[in-house]
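K.L.:
Before I ask anything, here is the structure I am working with.
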Amino acid sequence: MAEPTDHALPGHACQVFPAEAIYVIHGVNAGDSLSGPEETCEGDIYALEQDAAALRMVLTHGPGGQTIAPGSQIGTPGEALRLECRYTLMAPDGDRVELLLLRLAGGGAVALPLSPMAAEQDYTLVAIDDAPTEVPLADLLCVSFARGTMITLADGRQSPIEALQPGDRVLTRNHGPQPVRWLGKATLRAIGAFAPIIITAGTLGNGGDLIVSPHHRIFLYQRQRKAGLNTSELLVQAKHLVDDERVFQREGGFVDYFSIVFDHHEIIYAEGVPAESLMVNDATLSRLPADLALDVKARFPGLAQVQHFGTEASRQLLDRMGRDSLIQRRRTED
C-alpha cells in the first residue's frame with residue numbers, strides 16, 4: 001500500500017484544451033466559449049473546434065494546493081490552479097462526457113475532458129456541478145478495482161484484491177503466473193466520474209459482482225473477428241458497457257479503489273473476468289492519486305509499459321457491434 005510521504009510530489013501530466021476551443025453552437029449562449037457555471041445554461045449544445053490541439057498540462061499537489069509544474073504547455077511553474085466546476089455533456093448516441101473547467105491564477109481557463117471528445121461533435125450540456133475541490137485532480141482519473149474484488153492466483157485460488165501483497169503470484173492471460181510488484185489504494189467519494197461501475201454477477205460469466213472504476217478496461221475476446229476490427233481482442237472501458245440493467249453506475253457514499261502493477265501491462269482475472277492491470281507510463285500515472293503515483297514512480301523508475309495488444313473499443317463501436325450480443329456470447333462461452 002502507498003504510505004504518506006513528505007517528499008515533493010512529481011509532476012502529473014494530462015491533456016487539456018483551451019476553454020475557448022469548446023463553444024456553444026446552439027442555444028441561449030450561442031457563440032460563447034465554455035465559461036463558469038453562472039454563465040452557462042443546461043440544454044445548450046457545445047462542440048470542440050475542428051483544429052483544436054490538446055495541450056500537455058503538468059501539475060503537482062502540495063500543502064498549498066495544486067500548481068503548474070515544469071514541462072507544462074500552459075501556465076508557468078508554480079502558478080496556482082483551481083477546479084471551478086464539472087460539466088456533464090451528452091453526445092447524440094447517449095455517451096456522457098464529464099468535463100472539468102480549470103482556472104489559472106494568472107488568468108485564463110482550460111477544459112479537461114475525463115473521456116475523449118470528438119471534434120465538431122454535438123454535446124448537450126445536461127448538468128453543472130461544483131468541482132470536488134477537496135480531491136486532487138489526479139484522483140479523478142483513477143483506474144482500479146473496488147475492495148472485495150476476487151483475483152485469481154497462480155494456483156487457482158481466489159483472493160480479495162486488498163489482501164494481496166507484493167510478491168504474491170497472480171494468474172495472467174499471456175504470461176502465466178506473475179508476481180505482484182505493487183498495490184495501491186485510494187478512497188474516493190462515489191459521485192460522477194468517481195462512482196463505480198457494477199457488472200452484476202453472471203453478466204460476463206462472473207461469479208460475483210465485478211466493481212471497477214469507470215475507465216477500467218475489460219478484456220473481451222471474439223472467436224470470429226468482425227468487420228471493422230483490427231483484432232479479435234477488445235479492450236472495453238467499463239462505462240461503455242452500462243445498460244442500466246445488468247451493468248450500471250452506482251453513486252453515493254465512498255469507494256475503496258485498488259490498483260495493481262506487474263512488470264508488464266497484464267490481463268488478469270477479476271471475479272473470473274479478464275481485465276487489465278494498471279499500465280505504468282506517463283499517461284496512466286496521471287490518472288492516479290498523487291501519493292500513489294509517487295510510490296509507483298519511486299518503485300519503477302523509468303518504467304514505460306506498453307499496452308496489452310488489442311482493439312480499444314469505443315461506445316460507438318460497441319453500439320455498431322451490438323453490446324447485448326457481446327455480453328450474451330461471453331456468458332454462453334463461460
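We label chains A, B, ... in the order they appear in the C-alpha cells, count residues from 1 in each chain, and number ligands from 1 in the order shown.
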Residues at most 9 Å from stretch 166-177 of chain A, counting only C-alpha atoms, excluding those fewer than 6 positions away in the same chain, as a PyMOL selection string?
P.N.:
chain A and resi 151-156+183+266-269+274
K.L.:
Store the residues picked out above in a file with N, CA and C atoms, as an mmCIF file, in the first residue's frame.
P.N.:
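Heads up, here's the output in result_21.cif:
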```
data_model
loop_
_atom_site.group_PDB
_atom_site.id
_atom_site.type_symbol
_atom_site.label_atom_id
_atom_site.label_comp_id
_atom_site.auth_asym_id
_atom_site.auth_seq_id
_atom_site.Cartn_x
_atom_site.Cartn_y
_atom_site.Cartn_z
ATOM 1 N N ILE A 151 -9.481 -11.920 -6.994
ATOM 2 C CA ILE A 151 -8.446 -12.048 -8.021
ATOM 3 C C ILE A 151 -7.959 -13.493 -8.056
ATOM 4 N N THR A 152 -7.800 -14.059 -9.257
ATOM 5 C CA THR A 152 -7.332 -15.433 -9.403
ATOM 6 C C THR A 152 -5.816 -15.503 -9.243
ATOM 7 N N LEU A 153 -5.368 -16.320 -8.293
ATOM 8 C CA LEU A 153 -3.938 -16.502 -8.053
ATOM 9 C C LEU A 153 -3.377 -17.577 -8.977
ATOM 10 N N ALA A 154 -2.049 -17.725 -8.954
ATOM 11 C CA ALA A 154 -1.370 -18.662 -9.854
ATOM 12 C C ALA A 154 -1.838 -20.097 -9.672
ATOM 13 N N ASP A 155 -2.206 -20.473 -8.442
ATOM 14 C CA ASP A 155 -2.628 -21.853 -8.195
ATOM 15 C C ASP A 155 -4.136 -22.028 -8.299
ATOM 16 N N GLY A 156 -4.842 -21.015 -8.778
ATOM 17 C CA GLY A 156 -6.277 -21.110 -8.971
ATOM 18 C C GLY A 156 -7.107 -20.610 -7.805
ATOM 19 N N LEU A 183 0.802 -2.615 -4.970
ATOM 20 C CA LEU A 183 -0.649 -2.500 -4.816
ATOM 21 C C LEU A 183 -0.922 -1.185 -4.107
ATOM 22 N N GLU A 266 -0.704 -6.313 -17.817
ATOM 23 C CA GLU A 266 -1.238 -7.671 -17.892
ATOM 24 C C GLU A 266 -2.762 -7.680 -17.942
ATOM 25 N N ILE A 267 -3.277 -8.782 -18.445
ATOM 26 C CA ILE A 267 -4.693 -9.105 -18.322
ATOM 27 C C ILE A 267 -4.800 -10.164 -17.234
ATOM 28 N N ILE A 268 -5.495 -9.832 -16.147
ATOM 29 C CA ILE A 268 -5.666 -10.760 -15.037
ATOM 30 C C ILE A 268 -7.144 -11.140 -14.944
ATOM 31 N N TYR A 269 -7.492 -11.971 -13.963
ATOM 32 C CA TYR A 269 -8.868 -12.450 -13.836
ATOM 33 C C TYR A 269 -9.460 -11.930 -12.525
ATOM 34 N N PRO A 274 -11.593 -11.427 -17.457
ATOM 35 C CA PRO A 274 -10.310 -10.835 -17.821
ATOM 36 C C PRO A 274 -10.401 -9.306 -17.797
#
```
K.L.:
Which residues come within 10 Å of A:Ser35, counting only C-alpha atoms, excluding same-chain residues fewer than 2 positions away, as number ranges by chain?
P.N.:
A: 19-20, 22-23, 32-33, 37-40, 84-85, 101-102, 109-111
K.L.:
Extract, using only C-alpha atoms, all DNA, RNA and protein residues at most 8 Å from A:Val24, discarding same-chain residues fewer than 4 positions from it, and format them as a short mmCIF file (atom, residue, chain, number, x, y, z; two decimals) with C-alpha atoms, in the first residue's frame.
P.N.:
```cif
data_model
loop_
_atom_site.label_atom_id
_atom_site.label_comp_id
_atom_site.auth_asym_id
_atom_site.auth_seq_id
_atom_site.Cartn_x
_atom_site.Cartn_y
_atom_site.Cartn_z
CA ASN A 29 -25.33 31.25 -25.22
CA ALA A 30 -24.71 30.57 -28.93
CA GLY A 31 -21.19 31.62 -29.91
CA ASP A 32 -19.86 31.78 -26.33
CA SER A 33 -16.96 29.61 -25.22
CA LEU A 34 -17.03 27.38 -22.16
CA ASP A 44 -27.02 24.43 -24.73
CA ILE A 45 -25.19 22.38 -27.34
CA TYR A 46 -21.39 22.55 -27.36
CA ALA A 47 -18.72 21.45 -29.84
#
```
K.L.:
Mind the document's chain letters and residue numbers, and return as a PyMOL selection string the residues of stretch 30-221 of chain A that DSSP labels strand (DSSP E).
P.N.:
chain A and resi 45-48+55-62+65-68+81-90+96-104+109-113+123-130+145-146+150-152+158-160+169-172+176-179+182-189+197-199+210-212+217-221
K.L.:
My list of candidates is A:Val261, A:Leu210, A:Leu188, A:Ala21. Which is closest to A:Gln50 when distances are computed with only C-alpha atoms?
P.N.:
A:Ala21
K.L.:
Here is a test: counting only C-alpha atoms, which residue of A:Met150, A:Leu204, A:Ala91, A:Leu241 is nearest to A:Arg217?
P.N.:
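Among the listed residues, the smallest separation from A:Arg217 belongs to A:Leu241.
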K.L.:
From the options A:Ile74, A:Leu59, A:Val242, A:Val16, which residue's atoms come nearest to A:Leu99, counting only C-alpha atoms?
P.N.:
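Smallest distance to A:Leu99 is found for A:Val16.
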K.L.:
So that I can see what lies close to A:Asp130, please list as a list of chain:residue names the residues with an atom at most 10 Å from it, counting only C-alpha atoms and leaving out residues fewer than 2 positions away in the same chain.
P.N.:
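My reading of the contact set: A:Pro37, A:Leu83, A:Glu84, A:Cys85, A:Arg86, A:Tyr87, A:Leu100, A:Ile128, A:Pro132, A:Thr133.
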K.L.:
Go ahead and save the residues from that selection, with C-alpha atoms, as a PDB file, in the first residue's frame.
P.N.:
```pdb
ATOM      1  CA  PRO A  37     -21.425  27.962 -14.055  1.00  0.00           C
ATOM      2  CA  LEU A  83     -11.053  23.460 -10.208  1.00  0.00           C
ATOM      3  CA  GLU A  84     -14.053  25.688 -10.852  1.00  0.00           C
ATOM      4  CA  CYS A  85     -16.814  23.266 -11.822  1.00  0.00           C
ATOM      5  CA  ARG A  86     -17.700  19.996 -13.515  1.00  0.00           C
ATOM      6  CA  TYR A  87     -19.943  19.716 -16.568  1.00  0.00           C
ATOM      7  CA  LEU A 100     -13.666  19.925 -15.696  1.00  0.00           C
ATOM      8  CA  ILE A 128     -23.412  21.524 -13.917  1.00  0.00           C
ATOM      9  CA  PRO A 132     -14.802  18.351  -5.787  1.00  0.00           C
ATOM     10  CA  THR A 133     -12.134  20.801  -4.663  1.00  0.00           C
TER      11      THR A 133
END
```
K.L.:
For A:Thr88, find every residue with an atom within 10 Å (counting only C-alpha atoms), except residues of its own chain fewer than 3 positions away, and show them as number ranges by chain.
P.N.:
A: 42, 96-100, 113, 123-129, 192-193
K.L.:
Between atom CA of A:Arg181 and atom CA of A:Val212, what is the distance, to one decimal in Å?
P.N.:
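Interatomic distance here is 20.3 Å.
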K.L.:
Looking at only C-alpha atoms, which of A:Phe248, A:Phe145, A:Phe17, A:Phe258 is the one that sits closest to A:Gly184?
P.N.:
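Using only C-alpha atoms, the shortest distance to A:Gly184 belongs to A:Phe258.
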K.L.:
For a quick check of understanding, using only C-alpha atoms, which of A:Ala119, A:Ala190, A:Ala270, A:Ile260 has the smallest distance to A:Gly207?
P.N.:
A:Ala270
K.L.:
In Å, rounded to a single decimal, give me how far atom CA of A:Leu234 is from atom CA of A:Leu220.
P.N.:
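Atom-to-atom, atom CA of A:Leu220 and atom CA of A:Leu234 are spaced 5.0 Å apart.
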K.L.:
Find, counting only C-alpha atoms, the residue in A:Gln15, A:Gln249, A:Thr60, A:Asn206 that gets nearest to A:Gln73.
P.N.:
A:Gln15
K.L.:
For A:Ala195, work out the shell of residues within 8 Å, counting only C-alpha atoms and skipping chain neighbours fewer than 4 positions away, then give it as a PyMOL selection string.
P.N.:
chain A and resi 189-191+213-214+249-252+255
